[in-house]
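What follows is start16.csv (CSV, N, CA and C atoms).
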chain,number,residue,atom,x,y,z
A,1,MET,N,111.2,86.4,18.3
A,1,MET,CA,112.2,85.4,18.6
A,1,MET,C,111.4,84.0,18.5
A,2,ASP,N,112.1,83.0,17.9
A,2,ASP,CA,111.6,81.7,17.8
A,2,ASP,C,111.7,81.0,19.2
A,3,LEU,N,110.6,80.8,19.9
A,3,LEU,CA,110.7,80.2,21.2
A,3,LEU,C,110.9,78.7,21.1
A,4,ASP,N,110.7,78.1,19.9
A,4,ASP,CA,110.9,76.7,19.8
A,4,ASP,C,112.3,76.3,19.3
A,5,LYS,N,113.1,77.3,19.1
A,5,LYS,CA,114.5,77.1,18.6
A,5,LYS,C,115.4,77.1,19.8
A,6,LYS,N,116.5,76.3,19.7
A,6,LYS,CA,117.5,76.3,20.7
A,6,LYS,C,118.4,77.5,20.4
A,7,ILE,N,118.9,78.1,21.5
A,7,ILE,CA,119.7,79.3,21.4
A,7,ILE,C,121.1,79.0,21.8
A,8,ILE,N,122.1,79.4,21.0
A,8,ILE,CA,123.5,79.3,21.3
A,8,ILE,C,124.1,80.7,21.6
A,9,LEU,N,124.6,80.8,22.8
A,9,LEU,CA,125.3,82.1,23.1
A,9,LEU,C,126.7,81.8,22.9
A,10,PHE,N,127.4,82.8,22.2
A,10,PHE,CA,128.8,82.6,21.9
A,10,PHE,C,129.6,83.9,22.0
A,11,ASP,N,130.9,83.8,22.1
A,11,ASP,CA,131.7,85.0,22.2
A,11,ASP,C,131.8,85.5,20.7
A,12,GLY,N,131.2,86.7,20.5
A,12,GLY,CA,131.1,87.3,19.2
A,12,GLY,C,132.4,87.8,18.6
A,13,VAL,N,133.4,88.0,19.5
A,13,VAL,CA,134.7,88.6,19.0
A,13,VAL,C,135.8,87.5,18.8
A,14,CYS,N,135.5,86.3,19.2
A,14,CYS,CA,136.5,85.2,19.2
A,14,CYS,C,136.4,84.5,17.8
A,15,ASN,N,137.6,84.4,17.1
A,15,ASN,CA,137.7,83.8,15.8
A,15,ASN,C,137.3,82.3,15.9
A,16,LEU,N,137.8,81.6,16.9
A,16,LEU,CA,137.4,80.2,17.1
A,16,LEU,C,135.9,80.0,17.2
A,17,CYS,N,135.3,80.9,18.0
A,17,CYS,CA,133.8,80.8,18.3
A,17,CYS,C,133.1,81.1,17.0
A,18,ASN,N,133.5,82.1,16.3
A,18,ASN,CA,132.8,82.5,15.0
A,18,ASN,C,132.9,81.4,14.0
A,19,ASN,N,134.1,80.7,13.9
A,19,ASN,CA,134.2,79.6,13.0
A,19,ASN,C,133.4,78.4,13.4
A,20,ALA,N,133.2,78.2,14.7
A,20,ALA,CA,132.3,77.2,15.2
A,20,ALA,C,130.9,77.5,14.9
A,21,ILE,N,130.5,78.7,15.0
A,21,ILE,CA,129.1,79.1,14.6
A,21,ILE,C,128.9,78.8,13.1
A,22,GLN,N,129.8,79.2,12.3
A,22,GLN,CA,129.7,78.9,10.8
A,22,GLN,C,129.6,77.4,10.6
A,23,PHE,N,130.3,76.6,11.3
A,23,PHE,CA,130.3,75.1,11.2
A,23,PHE,C,128.9,74.6,11.6
A,24,ILE,N,128.4,75.2,12.7
A,24,ILE,CA,127.0,74.8,13.2
A,24,ILE,C,126.0,75.1,12.2
A,25,ILE,N,126.0,76.3,11.6
A,25,ILE,CA,125.1,76.7,10.6
A,25,ILE,C,125.1,75.7,9.4
A,26,LYS,N,126.3,75.4,9.0
A,26,LYS,CA,126.4,74.4,7.9
A,26,LYS,C,125.8,73.1,8.2
A,27,TYR,N,125.9,72.6,9.4
A,27,TYR,CA,125.4,71.2,9.7
A,27,TYR,C,124.0,71.2,10.3
A,28,ASP,N,123.4,72.4,10.6
A,28,ASP,CA,122.1,72.5,11.2
A,28,ASP,C,121.0,72.3,10.2
A,29,LYS,N,120.9,71.1,9.6
A,29,LYS,CA,120.0,70.9,8.5
A,29,LYS,C,118.6,70.9,9.0
A,30,LYS,N,118.3,70.8,10.3
A,30,LYS,CA,116.9,70.8,10.8
A,30,LYS,C,116.5,72.2,11.2
A,31,ASP,N,117.4,73.2,11.1
A,31,ASP,CA,117.2,74.6,11.5
A,31,ASP,C,116.8,74.7,12.9
A,32,GLU,N,117.5,74.0,13.8
A,32,GLU,CA,117.2,74.0,15.2
A,32,GLU,C,117.7,75.2,16.0
A,33,PHE,N,118.7,75.9,15.5
A,33,PHE,CA,119.5,76.8,16.3
A,33,PHE,C,119.3,78.3,15.9
A,34,ARG,N,119.3,79.1,16.9
A,34,ARG,CA,119.5,80.6,16.7
A,34,ARG,C,120.7,81.0,17.5
A,35,PHE,N,121.2,82.2,17.2
A,35,PHE,CA,122.5,82.5,17.8
A,35,PHE,C,122.4,83.9,18.4
A,36,ALA,N,123.2,84.1,19.5
A,36,ALA,CA,123.3,85.5,20.1
A,36,ALA,C,124.7,85.5,20.7
A,37,THR,N,125.2,86.7,20.8
A,37,THR,CA,126.6,86.8,21.3
A,37,THR,C,126.5,87.0,22.8
A,38,LEU,N,127.6,86.6,23.5
A,38,LEU,CA,127.7,86.8,24.9
A,38,LEU,C,127.8,88.3,25.3
A,39,GLN,N,128.1,89.1,24.3
A,39,GLN,CA,128.2,90.5,24.5
A,39,GLN,C,126.9,91.3,24.3
A,40,GLY,N,125.8,90.5,23.9
A,40,GLY,CA,124.6,91.2,23.5
A,40,GLY,C,123.5,91.2,24.7
A,41,GLU,N,122.4,91.8,24.4
A,41,GLU,CA,121.3,91.9,25.3
A,41,GLU,C,120.7,90.6,25.7
A,42,ILE,N,120.5,89.7,24.8
A,42,ILE,CA,119.9,88.4,25.1
A,42,ILE,C,120.8,87.7,26.2
A,43,ALA,N,122.1,87.6,26.0
A,43,ALA,CA,123.0,87.0,27.0
A,43,ALA,C,122.9,87.7,28.3
A,44,HIS,N,122.9,89.1,28.2
A,44,HIS,CA,122.8,89.9,29.5
A,44,HIS,C,121.6,89.5,30.3
A,45,ASN,N,120.4,89.4,29.6
A,45,ASN,CA,119.2,89.1,30.3
A,45,ASN,C,119.2,87.7,30.8
A,46,PHE,N,119.8,86.8,30.0
A,46,PHE,CA,119.9,85.4,30.5
A,46,PHE,C,120.7,85.3,31.8
A,47,PHE,N,121.9,86.0,31.8
A,47,PHE,CA,122.7,86.0,33.0
A,47,PHE,C,122.0,86.7,34.2
A,48,SER,N,121.4,87.8,34.0
A,48,SER,CA,120.9,88.5,35.1
A,48,SER,C,119.7,87.8,35.7
A,49,THR,N,118.8,87.2,34.9
A,49,THR,CA,117.7,86.5,35.5
A,49,THR,C,118.1,85.2,36.3
A,50,ARG,N,119.3,84.8,36.1
A,50,ARG,CA,119.8,83.6,36.8
A,50,ARG,C,120.9,83.9,37.8
A,51,ASN,N,121.2,85.2,38.0
A,51,ASN,CA,122.2,85.6,38.9
A,51,ASN,C,123.6,85.0,38.5
A,52,ILE,N,123.9,84.9,37.3
A,52,ILE,CA,125.2,84.3,36.8
A,52,ILE,C,126.1,85.5,36.6
A,53,ASP,N,127.4,85.4,37.1
A,53,ASP,CA,128.4,86.5,36.9
A,53,ASP,C,128.9,86.4,35.5
A,54,MET,N,128.6,87.4,34.6
A,54,MET,CA,129.0,87.4,33.2
A,54,MET,C,130.5,87.4,33.1
A,55,GLU,N,131.2,88.0,34.1
A,55,GLU,CA,132.7,88.1,34.0
A,55,GLU,C,133.3,86.7,34.2
A,56,LYS,N,132.7,85.8,34.8
A,56,LYS,CA,133.2,84.5,35.0
A,56,LYS,C,132.8,83.4,34.0
A,57,THR,N,132.0,83.9,33.0
A,57,THR,CA,131.4,83.0,32.0
A,57,THR,C,131.9,83.4,30.6
A,58,ASP,N,132.8,82.6,30.1
A,58,ASP,CA,133.2,82.8,28.7
A,58,ASP,C,133.0,81.6,27.9
A,59,SER,N,132.0,80.9,28.2
A,59,SER,CA,131.7,79.6,27.6
A,59,SER,C,130.6,79.7,26.6
A,60,ILE,N,130.6,78.8,25.6
A,60,ILE,CA,129.4,78.6,24.8
A,60,ILE,C,128.3,78.1,25.7
A,61,ILE,N,127.1,78.6,25.5
A,61,ILE,CA,126.0,78.2,26.2
A,61,ILE,C,124.9,77.8,25.3
A,62,LEU,N,124.3,76.6,25.5
A,62,LEU,CA,123.2,76.1,24.7
A,62,LEU,C,121.9,76.2,25.6
A,63,ILE,N,121.0,76.9,25.1
A,63,ILE,CA,119.7,77.1,25.8
A,63,ILE,C,118.6,76.4,25.1
A,64,GLU,N,118.0,75.4,25.8
A,64,GLU,CA,116.8,74.8,25.2
A,64,GLU,C,115.6,75.4,26.0
A,65,PRO,N,114.9,76.3,25.3
A,65,PRO,CA,113.9,77.1,26.0
A,65,PRO,C,112.9,76.2,26.8
A,66,ASN,N,112.6,76.6,28.0
A,66,ASN,CA,111.6,75.9,28.9
A,66,ASN,C,112.1,74.5,29.2
A,67,ILE,N,113.4,74.1,29.0
A,67,ILE,CA,113.9,72.8,29.3
A,67,ILE,C,115.1,72.9,30.2
A,68,ALA,N,116.2,73.4,29.7
A,68,ALA,CA,117.5,73.5,30.4
A,68,ALA,C,118.5,74.3,29.6
A,69,TYR,N,119.6,74.6,30.3
A,69,TYR,CA,120.7,75.1,29.5
A,69,TYR,C,122.0,74.4,29.9
A,70,TYR,N,122.9,74.4,28.9
A,70,TYR,CA,124.1,73.6,29.1
A,70,TYR,C,125.3,74.5,28.8
A,71,VAL,N,126.4,74.3,29.4
A,71,VAL,CA,127.6,75.1,29.2
A,71,VAL,C,128.8,74.2,28.9
A,72,LYS,N,129.9,74.9,28.4
A,72,LYS,CA,131.1,74.2,28.1
A,72,LYS,C,131.0,73.0,27.2
A,73,SER,N,131.7,71.9,27.7
A,73,SER,CA,131.7,70.7,26.8
A,73,SER,C,130.4,70.1,26.7
A,74,SER,N,129.5,70.2,27.7
A,74,SER,CA,128.2,69.6,27.6
A,74,SER,C,127.4,70.3,26.5
A,75,ALA,N,127.5,71.6,26.4
A,75,ALA,CA,126.8,72.3,25.3
A,75,ALA,C,127.4,71.9,24.0
A,76,ALA,N,128.7,71.9,23.8
A,76,ALA,CA,129.3,71.5,22.5
A,76,ALA,C,128.9,70.1,22.1
A,77,LEU,N,128.9,69.2,23.0
A,77,LEU,CA,128.5,67.8,22.6
A,77,LEU,C,127.0,67.7,22.3
A,78,LYS,N,126.2,68.4,23.0
A,78,LYS,CA,124.7,68.4,22.6
A,78,LYS,C,124.5,69.0,21.2
A,79,ILE,N,125.2,70.1,21.0
A,79,ILE,CA,125.1,70.7,19.7
A,79,ILE,C,125.5,69.7,18.6
A,80,GLY,N,126.7,69.2,18.7
A,80,GLY,CA,127.2,68.2,17.8
A,80,GLY,C,126.3,67.0,17.5
A,81,ARG,N,125.8,66.5,18.6
A,81,ARG,CA,124.9,65.3,18.5
A,81,ARG,C,123.7,65.6,17.7
A,82,SER,N,123.2,66.9,17.7
A,82,SER,CA,122.0,67.2,17.1
A,82,SER,C,122.1,67.1,15.5
A,83,PHE,N,123.3,67.1,15.0
A,83,PHE,CA,123.5,67.0,13.6
A,83,PHE,C,123.1,65.7,13.0
A,84,GLY,N,123.0,64.6,13.9
A,84,GLY,CA,122.6,63.3,13.4
A,84,GLY,C,123.8,62.6,12.7
A,85,GLY,N,123.5,61.5,12.1
A,85,GLY,CA,124.5,60.7,11.4
A,85,GLY,C,125.7,60.3,12.2
A,86,ILE,N,126.9,60.4,11.7
A,86,ILE,CA,128.1,60.1,12.4
A,86,ILE,C,128.3,60.9,13.7
A,87,TRP,N,127.7,62.1,13.7
A,87,TRP,CA,127.8,63.0,14.8
A,87,TRP,C,127.1,62.5,16.0
A,88,SER,N,126.2,61.6,15.9
A,88,SER,CA,125.5,61.0,17.0
A,88,SER,C,126.4,60.2,17.9
A,89,LEU,N,127.6,59.8,17.3
A,89,LEU,CA,128.5,59.0,18.1
A,89,LEU,C,129.2,59.9,19.2
A,90,LEU,N,129.0,61.2,19.2
A,90,LEU,CA,129.6,62.0,20.2
A,90,LEU,C,129.1,61.7,21.6
A,91,TRP,N,128.0,60.9,21.7
A,91,TRP,CA,127.6,60.5,23.1
A,91,TRP,C,128.7,59.7,23.8
A,92,ILE,N,129.6,59.1,23.1
A,92,ILE,CA,130.7,58.4,23.7
A,92,ILE,C,131.5,59.3,24.6
A,93,LEU,N,131.7,60.5,24.1
A,93,LEU,CA,132.5,61.5,24.9
A,93,LEU,C,131.8,61.9,26.2
A,94,GLU,N,130.5,61.7,26.2
A,94,GLU,CA,129.8,62.0,27.4
A,94,GLU,C,130.0,61.0,28.5
A,95,LEU,N,130.7,59.9,28.2
A,95,LEU,CA,131.1,58.9,29.2
A,95,LEU,C,132.3,59.4,30.0
A,96,ILE,N,133.0,60.4,29.5
A,96,ILE,CA,134.1,61.0,30.2
A,96,ILE,C,133.5,62.0,31.2
A,97,PRO,N,133.9,62.0,32.4
A,97,PRO,CA,133.4,62.9,33.4
A,97,PRO,C,133.4,64.4,33.0
A,98,ALA,N,132.3,65.1,33.2
A,98,ALA,CA,132.2,66.4,32.8
A,98,ALA,C,133.3,67.3,33.3
A,99,SER,N,133.7,67.0,34.5
A,99,SER,CA,134.8,67.8,35.2
A,99,SER,C,136.0,67.8,34.3
A,100,PHE,N,136.4,66.6,33.8
A,100,PHE,CA,137.6,66.5,33.0
A,100,PHE,C,137.4,67.1,31.6
A,101,ARG,N,136.2,66.9,31.0
A,101,ARG,CA,135.9,67.5,29.7
A,101,ARG,C,136.0,69.0,29.8
A,102,ASP,N,135.4,69.6,30.9
A,102,ASP,CA,135.3,71.0,31.1
A,102,ASP,C,136.7,71.6,31.4
A,103,TRP,N,137.6,70.8,32.0
A,103,TRP,CA,138.9,71.2,32.3
A,103,TRP,C,139.7,71.5,31.0
A,104,ILE,N,139.5,70.5,30.1
A,104,ILE,CA,140.1,70.7,28.7
A,104,ILE,C,139.5,71.9,28.0
A,105,TYR,N,138.2,72.0,28.1
A,105,TYR,CA,137.4,73.1,27.4
A,105,TYR,C,138.0,74.4,28.0
A,106,THR,N,138.2,74.5,29.3
A,106,THR,CA,138.6,75.7,29.9
A,106,THR,C,140.0,76.1,29.4
A,107,ILE,N,140.9,75.2,29.3
A,107,ILE,CA,142.2,75.4,28.8
A,107,ILE,C,142.1,76.1,27.4
A,108,ILE,N,141.3,75.5,26.5
A,108,ILE,CA,141.1,76.1,25.2
A,108,ILE,C,140.5,77.4,25.3
A,109,ALA,N,139.5,77.6,26.1
A,109,ALA,CA,138.8,78.9,26.2
A,109,ALA,C,139.7,80.0,26.7
A,110,LYS,N,140.6,79.7,27.7
A,110,LYS,CA,141.5,80.7,28.2
A,110,LYS,C,142.5,81.1,27.2
A,111,ASN,N,142.8,80.2,26.2
A,111,ASN,CA,143.9,80.5,25.2
A,111,ASN,C,143.3,80.8,23.9
A,112,ARG,N,142.0,80.9,23.7
A,112,ARG,CA,141.5,81.0,22.4
A,112,ARG,C,141.9,82.3,21.6
A,113,TYR,N,142.0,83.4,22.3
A,113,TYR,CA,142.4,84.6,21.6
A,113,TYR,C,143.9,84.5,21.2
A,114,ASN,N,144.7,83.9,22.0
A,114,ASN,CA,146.1,83.8,21.6
A,114,ASN,C,146.3,82.8,20.5
A,115,TRP,N,145.6,81.7,20.5
A,115,TRP,CA,145.8,80.7,19.5
A,115,TRP,C,145.0,81.0,18.2
A,116,PHE,N,143.8,81.6,18.3
A,116,PHE,CA,143.0,81.7,17.1
A,116,PHE,C,142.7,83.2,16.7
A,117,GLY,N,143.0,84.1,17.6
A,117,GLY,CA,142.8,85.5,17.3
A,117,GLY,C,141.5,86.0,17.8
A,118,LYS,N,141.3,87.3,17.7
A,118,LYS,CA,140.2,88.0,18.2
A,118,LYS,C,139.8,89.1,17.2
A,119,LYS,N,138.5,89.4,17.0
A,119,LYS,CA,138.0,90.4,16.1
A,119,LYS,C,137.8,91.7,17.0
A,120,ASN,N,137.8,92.8,16.4
A,120,ASN,CA,137.5,94.1,17.1
A,120,ASN,C,136.0,94.2,17.3
A,121,ASN,N,135.2,93.6,16.5
A,121,ASN,CA,133.7,93.7,16.6
A,121,ASN,C,133.1,92.3,16.5
A,122,CYS,N,131.9,92.2,16.9
A,122,CYS,CA,131.1,90.9,16.7
A,122,CYS,C,130.9,90.7,15.3
A,123,MET,N,130.7,89.4,14.9
A,123,MET,CA,130.5,89.0,13.5
A,123,MET,C,129.1,89.6,13.0
A,124,ILE,N,129.2,90.1,11.8
A,124,ILE,CA,127.9,90.6,11.2
A,124,ILE,C,127.5,89.6,10.2
A,125,PRO,N,126.3,89.0,10.4
A,125,PRO,CA,125.9,87.9,9.5
A,125,PRO,C,125.5,88.4,8.2
A,126,THR,N,125.6,87.6,7.2
A,126,THR,CA,125.2,87.9,5.8
A,126,THR,C,123.7,88.1,5.8
A,127,PRO,N,123.1,88.8,4.8
A,127,PRO,CA,121.7,89.0,4.8
A,127,PRO,C,120.9,87.6,4.8
A,128,GLU,N,121.4,86.6,4.2
A,128,GLU,CA,120.7,85.3,4.2
A,128,GLU,C,120.8,84.6,5.5
A,129,LEU,N,121.7,84.9,6.4
A,129,LEU,CA,121.9,84.3,7.7
A,129,LEU,C,121.3,85.2,8.8
A,130,LYS,N,121.0,86.4,8.5
A,130,LYS,CA,120.6,87.4,9.5
A,130,LYS,C,119.4,86.9,10.4
A,131,SER,N,118.5,86.1,9.8
A,131,SER,CA,117.3,85.6,10.6
A,131,SER,C,117.7,84.6,11.7
A,132,LYS,N,118.9,84.0,11.6
A,132,LYS,CA,119.4,83.1,12.6
A,132,LYS,C,120.0,83.7,13.8
A,133,PHE,N,120.3,85.0,13.7
A,133,PHE,CA,120.9,85.8,14.8
A,133,PHE,C,119.9,86.6,15.5
A,134,LEU,N,119.9,86.6,16.8
A,134,LEU,CA,118.9,87.2,17.6
A,134,LEU,C,119.2,88.6,18.0
A,135,ASP,N,120.5,88.9,18.1
A,135,ASP,CA,121.0,90.3,18.4
A,135,ASP,C,122.2,90.7,17.7

Please express the file's structure as structure tokens.
Amino acid sequence: MDLDKKIILFDGVCNLCNNAIQFIIKYDKKDEFRFATLQGEIAHNFFSTRNIDMEKTDSIILIEPNIAYYVKSSAALKIGRSFGGIWSLLWILELIPASFRDWIYTIIAKNRYNWFGKKNNCMIPTPELKSKFLD
């Protein structure tokens, strides 16, 4: 595992989440990110070492190894800002209180399967992308 890479935990069966991961891969020009599903062993270890209830967490999580981790809207904004260029302007959204941003995020998260659909299995990366996925 690349310990210098940021790790994004995501819902591997969610169509919205899988499309977001494809989007991140496209704009991750600096190759900063690696990916693991919330259903996998890496996420399980992450949650268990921090005593986080996996049943209550259905959010994207950005882990910056040995620094911090971010959830919900904060994770999404940090990921977006890392792309540089016009994406750097996402800092403006961080002026909105996290509680309000996360409230909107939660509404989308709770409805994501109804609005965007769900897969029966986690996404299987193509051979050229396989190195970006940790489990």

Query - Neighbour list for segment 97-101 of chain A as a ChimeraX atom specification, cut-off 8 Å, all atoms listed in the file, skip fewer than 6 positions in-chain - result: /A:72-74,107

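Atom CA of Trp87 of chain A lies 21.3 Å from atom CA of Ser59 of chain A.
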
Query raised in the report: For the atom pair atom CA of Thr126 of chain A and atom CA of Phe10 of chain A, what is the interatomic distance in Å to one decimal place?
Result: 17.3 Å

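We find atom N of Arg112 of chain A and atom CA of Glu94 of chain A to be spaced 22.8 Å apart.
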
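Among A:Val13, A:Ile104, A:Leu134, A:Ala75, the residue with the shortest atom-to-atom distance to Ile63 of chain A, counting all atoms listed in the file, is A:Ala75.
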
So that I can check the surroundings of Lys78 of chain A, please list as an mmCIF file with N, CA and C atoms, keeping the file's coordinate frame every protein, DNA and RNA residue that reaches within 9 Å of it, counting only C-alpha atoms and ignoring chain neighbours fewer than 4 positions away.
data_model
loop_
_atom_site.group_PDB
_atom_site.id
_atom_site.type_symbol
_atom_site.label_atom_id
_atom_site.label_comp_id
_atom_site.auth_asym_id
_atom_site.auth_seq_id
_atom_site.Cartn_x
_atom_site.Cartn_y
_atom_site.Cartn_z
ATOM 1 N N LEU A 62 124.300 76.600 25.500
ATOM 2 C CA LEU A 62 123.200 76.100 24.700
ATOM 3 C C LEU A 62 121.900 76.200 25.600
ATOM 4 N N TYR A 70 122.900 74.400 28.900
ATOM 5 C CA TYR A 70 124.100 73.600 29.100
ATOM 6 C C TYR A 70 125.300 74.500 28.800
ATOM 7 N N SER A 73 131.700 71.900 27.700
ATOM 8 C CA SER A 73 131.700 70.700 26.800
ATOM 9 C C SER A 73 130.400 70.100 26.700
ATOM 10 N N SER A 74 129.500 70.200 27.700
ATOM 11 C CA SER A 74 128.200 69.600 27.600
ATOM 12 C C SER A 74 127.400 70.300 26.500
ATOM 13 N N SER A 82 123.200 66.900 17.700
ATOM 14 C CA SER A 82 122.000 67.200 17.100
ATOM 15 C C SER A 82 122.100 67.100 15.500
ATOM 16 N N LEU A 90 129.000 61.200 19.200
ATOM 17 C CA LEU A 90 129.600 62.000 20.200
ATOM 18 C C LEU A 90 129.100 61.700 21.600
ATOM 19 N N TRP A 91 128.000 60.900 21.700
ATOM 20 C CA TRP A 91 127.600 60.500 23.100
ATOM 21 C C TRP A 91 128.700 59.700 23.800
#

Query - Residue nearest Ile7 of chain A among A:Ile92, A:Gly85, A:Ala20, A:Ala36 (counting only N, CA and C atoms) - result: A:Ala36

Query raised in the report: Which residue out of A:Lys118, A:Lys132, A:Asp102, A:Tyr69 has the minimum interatomic distance to Phe33 of chain A when only N, CA and C atoms are used?
Result: A:Lys132

Query - Residues of segment 11-75 of chain A in strand (DSSP E), written as a ChimeraX atom specification - result: /A:33-37,61-64,68-71

Query raised in the report: Leaving out Asp4 of chain A and any residue of its chain fewer than 6 positions from it, which residues lie within 10 Å of it when counting only C-alpha atoms, given as number ranges by chain?
Result: A: 32-34, 64-66

For Thr37 of chain A, find every residue with an atom within 8 Å (counting all atoms listed in the file), except residues of its own chain fewer than 2 positions away, and show them as a short mmCIF file (atom, residue, chain, number, x, y, z; two decimals) with N, CA and C atoms, keeping the file's coordinate frame.
data_model
loop_
_atom_site.label_atom_id
_atom_site.label_comp_id
_atom_site.auth_asym_id
_atom_site.auth_seq_id
_atom_site.Cartn_x
_atom_site.Cartn_y
_atom_site.Cartn_z
N ILE A 8 122.10 79.40 21.00
CA ILE A 8 123.50 79.30 21.30
C ILE A 8 124.10 80.70 21.60
N LEU A 9 124.60 80.80 22.80
CA LEU A 9 125.30 82.10 23.10
C LEU A 9 126.70 81.80 22.90
N PHE A 10 127.40 82.80 22.20
CA PHE A 10 128.80 82.60 21.90
C PHE A 10 129.60 83.90 22.00
N ASP A 11 130.90 83.80 22.10
CA ASP A 11 131.70 85.00 22.20
C ASP A 11 131.80 85.50 20.70
N GLY A 12 131.20 86.70 20.50
CA GLY A 12 131.10 87.30 19.20
C GLY A 12 132.40 87.80 18.60
N VAL A 13 133.40 88.00 19.50
CA VAL A 13 134.70 88.60 19.00
C VAL A 13 135.80 87.50 18.80
N ARG A 34 119.30 79.10 16.90
CA ARG A 34 119.50 80.60 16.70
C ARG A 34 120.70 81.00 17.50
N PHE A 35 121.20 82.20 17.20
CA PHE A 35 122.50 82.50 17.80
C PHE A 35 122.40 83.90 18.40
N GLN A 39 128.10 89.10 24.30
CA GLN A 39 128.20 90.50 24.50
C GLN A 39 126.90 91.30 24.30
N GLY A 40 125.80 90.50 23.90
CA GLY A 40 124.60 91.20 23.50
C GLY A 40 123.50 91.20 24.70
N GLU A 41 122.40 91.80 24.40
CA GLU A 41 121.30 91.90 25.30
C GLU A 41 120.70 90.60 25.70
N ILE A 42 120.50 89.70 24.80
CA ILE A 42 119.90 88.40 25.10
C ILE A 42 120.80 87.70 26.20
N ALA A 43 122.10 87.60 26.00
CA ALA A 43 123.00 87.00 27.00
C ALA A 43 122.90 87.70 28.30
N HIS A 44 122.90 89.10 28.20
CA HIS A 44 122.80 89.90 29.50
C HIS A 44 121.60 89.50 30.30
N CYS A 122 131.90 92.20 16.90
CA CYS A 122 131.10 90.90 16.70
C CYS A 122 130.90 90.70 15.30
N PHE A 133 120.30 85.00 13.70
CA PHE A 133 120.90 85.80 14.80
C PHE A 133 119.90 86.60 15.50
N LEU A 134 119.90 86.60 16.80
CA LEU A 134 118.90 87.20 17.60
C LEU A 134 119.20 88.60 18.00
N ASP A 135 120.50 88.90 18.10
CA ASP A 135 121.00 90.30 18.40
C ASP A 135 122.20 90.70 17.70
#

Can I get N, CA, C and O atoms for segment 58-70 of chain A, as a PDB file, in the first residue's frame?
ATOM      1  N   ASP A  58     -22.133   6.045   6.074  1.00  0.00           N
ATOM      2  CA  ASP A  58     -22.293   5.715   4.656  1.00  0.00           C
ATOM      3  C   ASP A  58     -21.768   6.862   3.810  1.00  0.00           C
ATOM      4  O   ASP A  58     -22.264   7.174   2.756  1.00  0.00           O
ATOM      5  N   SER A  59     -20.735   7.481   4.309  1.00  0.00           N
ATOM      6  CA  SER A  59     -20.170   8.672   3.696  1.00  0.00           C
ATOM      7  C   SER A  59     -18.865   8.355   2.994  1.00  0.00           C
ATOM      8  O   SER A  59     -18.181   7.391   3.332  1.00  0.00           O
ATOM      9  N   ILE A  60     -18.533   9.200   2.045  1.00  0.00           N
ATOM     10  CA  ILE A  60     -17.190   9.161   1.494  1.00  0.00           C
ATOM     11  C   ILE A  60     -16.244   9.613   2.596  1.00  0.00           C
ATOM     12  O   ILE A  60     -16.559  10.495   3.401  1.00  0.00           O
ATOM     13  N   ILE A  61     -15.109   8.962   2.678  1.00  0.00           N
ATOM     14  CA  ILE A  61     -14.109   9.315   3.688  1.00  0.00           C
ATOM     15  C   ILE A  61     -12.782   9.517   2.980  1.00  0.00           C
ATOM     16  O   ILE A  61     -12.365   8.672   2.181  1.00  0.00           O
ATOM     17  N   LEU A  62     -12.138  10.627   3.259  1.00  0.00           N
ATOM     18  CA  LEU A  62     -10.813  10.915   2.737  1.00  0.00           C
ATOM     19  C   LEU A  62      -9.823  10.757   3.884  1.00  0.00           C
ATOM     20  O   LEU A  62      -9.952  11.420   4.910  1.00  0.00           O
ATOM     21  N   ILE A  63      -8.864   9.875   3.698  1.00  0.00           N
ATOM     22  CA  ILE A  63      -7.837   9.641   4.714  1.00  0.00           C
ATOM     23  C   ILE A  63      -6.521  10.197   4.197  1.00  0.00           C
ATOM     24  O   ILE A  63      -6.054   9.813   3.123  1.00  0.00           O
ATOM     25  N   GLU A  64      -5.947  11.113   4.958  1.00  0.00           N
ATOM     26  CA  GLU A  64      -4.593  11.582   4.681  1.00  0.00           C
ATOM     27  C   GLU A  64      -3.711  10.893   5.706  1.00  0.00           C
ATOM     28  O   GLU A  64      -3.690  11.296   6.883  1.00  0.00           O
ATOM     29  N   PRO A  65      -3.006   9.827   5.307  1.00  0.00           N
ATOM     30  CA  PRO A  65      -2.247   9.024   6.271  1.00  0.00           C
ATOM     31  C   PRO A  65      -1.347   9.870   7.165  1.00  0.00           C
ATOM     32  O   PRO A  65      -0.666  10.784   6.720  1.00  0.00           O
ATOM     33  N   ASN A  66      -1.397   9.563   8.436  1.00  0.00           N
ATOM     34  CA  ASN A  66      -0.598  10.222   9.481  1.00  0.00           C
ATOM     35  C   ASN A  66      -0.928  11.707   9.648  1.00  0.00           C
ATOM     36  O   ASN A  66      -0.152  12.436  10.270  1.00  0.00           O
ATOM     37  N   ILE A  67      -2.048  12.158   9.079  1.00  0.00           N
ATOM     38  CA  ILE A  67      -2.445  13.558   9.229  1.00  0.00           C
ATOM     39  C   ILE A  67      -3.846  13.646   9.811  1.00  0.00           C
ATOM     40  O   ILE A  67      -4.029  14.081  10.941  1.00  0.00           O
ATOM     41  N   ALA A  68      -4.858  13.244   9.027  1.00  0.00           N
ATOM     42  CA  ALA A  68      -6.246  13.369   9.470  1.00  0.00           C
ATOM     43  C   ALA A  68      -7.139  12.592   8.521  1.00  0.00           C
ATOM     44  O   ALA A  68      -6.687  12.075   7.502  1.00  0.00           O
ATOM     45  N   TYR A  69      -8.408  12.529   8.886  1.00  0.00           N
ATOM     46  CA  TYR A  69      -9.401  12.016   7.948  1.00  0.00           C
ATOM     47  C   TYR A  69     -10.592  12.960   7.939  1.00  0.00           C
ATOM     48  O   TYR A  69     -10.850  13.679   8.896  1.00  0.00           O
ATOM     49  N   TYR A  70     -11.302  12.964   6.809  1.00  0.00           N
ATOM     50  CA  TYR A  70     -12.417  13.877   6.594  1.00  0.00           C
ATOM     51  C   TYR A  70     -13.601  13.078   6.084  1.00  0.00           C
ATOM     52  O   TYR A  70     -13.428  12.091   5.354  1.00  0.00           O
TER      53      TYR A  70
END
